[in-house]
Amino acid sequence: MERTLVLIKPDGVRRNIIGEVISRIERKGMKIVALDMRTLDAGTAKTHYEEHASRPFFESLVEFITGGPLVAMVVEGERSVEAFRALAGATDPVAAAPGTVRGDFAMEVQQNIVHGSDSTYSAEREIKLFFPDLA
Ligand code: RTP
Ligand code: MG
């Protein structure tokens, strides 16, 4: 069964929509197999977003993602990487379709509520980073 790493970013936690996001994942038919609330240190945040290290928004992204508690989850299901990305919607919430998490709850590209791994390869790397003890 395929696994993906989902984050409810600090903006989602601040806005009290943890339950809303989890509910959408469960309603879709995916299973939460690990879950933890934590505040990321800068090192973990930089490793998580290392593909964006040279982008102009990197520093600001690290500041945002470490700026408060987030919820990290491992979500399991058939094609869960693609399935969760579809639930999340486009990166830019203004362009994200209504009915998606970002389309329904966000207006700014950085504060876009959720993260989902973008490939099975990324999922494996990110799950190891967030849940090193998970079997
Ligand atoms: P994520 O990695 O968080 O699931 O989001 P994504 O794949 O849809 O988007 P990605 O390109 O990987 O960007 C990672 C996160 O960086 C922030 N971002 N800011 N122009 C900007 O200021 C900008 N572009 C991206 C967003 O929080 C995005 O989700
Ligand atoms: Mg990404």
# chains A, B, ... in the order shown; residues from 1 in each chain; ligands from 1
$ residues_around --residues "Ile8 in chain A" --least-positions-apart "5" --cutoff "12 Å" --atoms "only C-alpha atoms" --output "ChimeraX atom specification"
/A:13-22,25,35-39,65,68-74,88,101-102,111-116
$ write_last_selection --atoms "C-alpha atoms" --output "PDB file, in the first residue's frame"
ATOM      1  CA  VAL A  13      -3.294  24.640  12.974  1.00  0.00           C
ATOM      2  CA  ARG A  14      -3.740  28.338  13.852  1.00  0.00           C
ATOM      3  CA  ARG A  15      -7.025  28.424  11.960  1.00  0.00           C
ATOM      4  CA  ASN A  16      -8.413  25.375  13.772  1.00  0.00           C
ATOM      5  CA  ILE A  17      -8.989  23.268  10.672  1.00  0.00           C
ATOM      6  CA  ILE A  18      -7.012  20.174  11.723  1.00  0.00           C
ATOM      7  CA  GLY A  19     -10.259  18.227  12.018  1.00  0.00           C
ATOM      8  CA  GLU A  20     -11.501  19.479   8.658  1.00  0.00           C
ATOM      9  CA  VAL A  21      -8.346  18.288   6.862  1.00  0.00           C
ATOM     10  CA  ILE A  22      -8.256  14.937   8.662  1.00  0.00           C
ATOM     11  CA  ILE A  25      -8.547  12.408   4.186  1.00  0.00           C
ATOM     12  CA  LEU A  35       0.216  11.316  13.498  1.00  0.00           C
ATOM     13  CA  ASP A  36       2.117  13.841  15.596  1.00  0.00           C
ATOM     14  CA  MET A  37       1.937  17.544  16.465  1.00  0.00           C
ATOM     15  CA  ARG A  38       5.322  19.245  16.701  1.00  0.00           C
ATOM     16  CA  THR A  39       7.205  22.474  15.999  1.00  0.00           C
ATOM     17  CA  ILE A  65       6.962  26.359   8.532  1.00  0.00           C
ATOM     18  CA  GLY A  68       4.284  27.334  15.157  1.00  0.00           C
ATOM     19  CA  PRO A  69       3.144  23.779  15.740  1.00  0.00           C
ATOM     20  CA  LEU A  70       2.197  21.673  12.742  1.00  0.00           C
ATOM     21  CA  VAL A  71       0.571  18.268  12.401  1.00  0.00           C
ATOM     22  CA  ALA A  72       2.588  15.588  10.594  1.00  0.00           C
ATOM     23  CA  MET A  73       0.868  12.450   9.338  1.00  0.00           C
ATOM     24  CA  VAL A  74       1.636   9.363   7.327  1.00  0.00           C
ATOM     25  CA  ALA A  88      -4.941  19.580  -1.468  1.00  0.00           C
ATOM     26  CA  VAL A 101      -8.371  22.202   0.832  1.00  0.00           C
ATOM     27  CA  ARG A 102      -6.373  25.091  -0.614  1.00  0.00           C
ATOM     28  CA  GLN A 111       0.119  29.945   3.710  1.00  0.00           C
ATOM     29  CA  ASN A 112      -1.584  27.160   1.823  1.00  0.00           C
ATOM     30  CA  ILE A 113      -2.619  24.956   4.773  1.00  0.00           C
ATOM     31  CA  VAL A 114      -1.214  21.568   3.769  1.00  0.00           C
ATOM     32  CA  HIS A 115       1.774  19.746   2.345  1.00  0.00           C
ATOM     33  CA  GLY A 116       1.678  16.436   0.528  1.00  0.00           C
TER      34      GLY A 116
END
$ residues_near_ligand --ligand "ligand 1" --cutoff "9 Å" --atoms "only C-alpha atoms and all ligand atoms" --output "PyMOL selection string"
chain A and resi 6-7+9+48-49+51-52+55-58+60-62+64-65+85+88-92+108-118
$ write_last_selection --atoms "C-alpha atoms" --output "CSV table (one decimal), in the first residue's frame"
chain,number,residue,atom,x,y,z
A,6,VAL,CA,1.0,15.0,4.9
A,7,LEU,CA,1.6,18.2,6.9
A,9,LYS,CA,1.1,23.6,8.2
A,48,HIS,CA,12.3,18.8,4.2
A,49,TYR,CA,12.3,21.7,1.6
A,51,GLU,CA,14.7,21.1,-3.3
A,52,HIS,CA,13.7,24.8,-2.9
A,55,ARG,CA,14.5,29.8,-4.5
A,56,PRO,CA,14.0,33.4,-3.4
A,57,PHE,CA,11.2,32.3,-1.0
A,58,PHE,CA,13.2,29.7,0.8
A,60,SER,CA,10.6,32.9,4.3
A,61,LEU,CA,9.3,29.4,3.8
A,62,VAL,CA,11.5,28.0,6.6
A,64,PHE,CA,6.8,30.1,8.2
A,65,ILE,CA,7.0,26.4,8.5
A,85,ARG,CA,-2.3,16.1,-3.9
A,88,ALA,CA,-4.9,19.6,-1.5
A,89,GLY,CA,-5.3,21.4,-4.8
A,90,ALA,CA,-2.9,23.7,-6.7
A,91,THR,CA,0.0,25.3,-4.8
A,92,ASP,CA,-1.4,28.8,-5.4
A,108,GLU,CA,-1.8,33.2,-0.2
A,109,VAL,CA,0.7,30.9,-1.9
A,110,GLN,CA,2.9,30.4,1.2
A,111,GLN,CA,0.1,29.9,3.7
A,112,ASN,CA,-1.6,27.2,1.8
A,113,ILE,CA,-2.6,25.0,4.8
A,114,VAL,CA,-1.2,21.6,3.8
A,115,HIS,CA,1.8,19.7,2.3
A,116,GLY,CA,1.7,16.4,0.5
A,117,SER,CA,4.7,14.5,-0.9
A,118,ASP,CA,4.9,15.0,-4.7
$ atom_distance --atom1 "CA of Pro93 in chain A" --atom2 "CA of Met30 in chain A"
23.0 Å
$ atom_distance --atom1 "CA of Leu129 in chain A" --atom2 "CA of Lys28 in chain A"
25.7 Å
$ closest_residue --among "A:Val75, A:Ala123, A:Ala42, A:Ala34" --to "ligand 2" --atoms "only C-alpha atoms and all ligand atoms"
A:Ala123
$ closest_residue --among "A:Thr47, A:Ser119, A:Phe130, A:Arg27" --to "ligand 2" --atoms "only C-alpha atoms and all ligand atoms"
A:Ser119
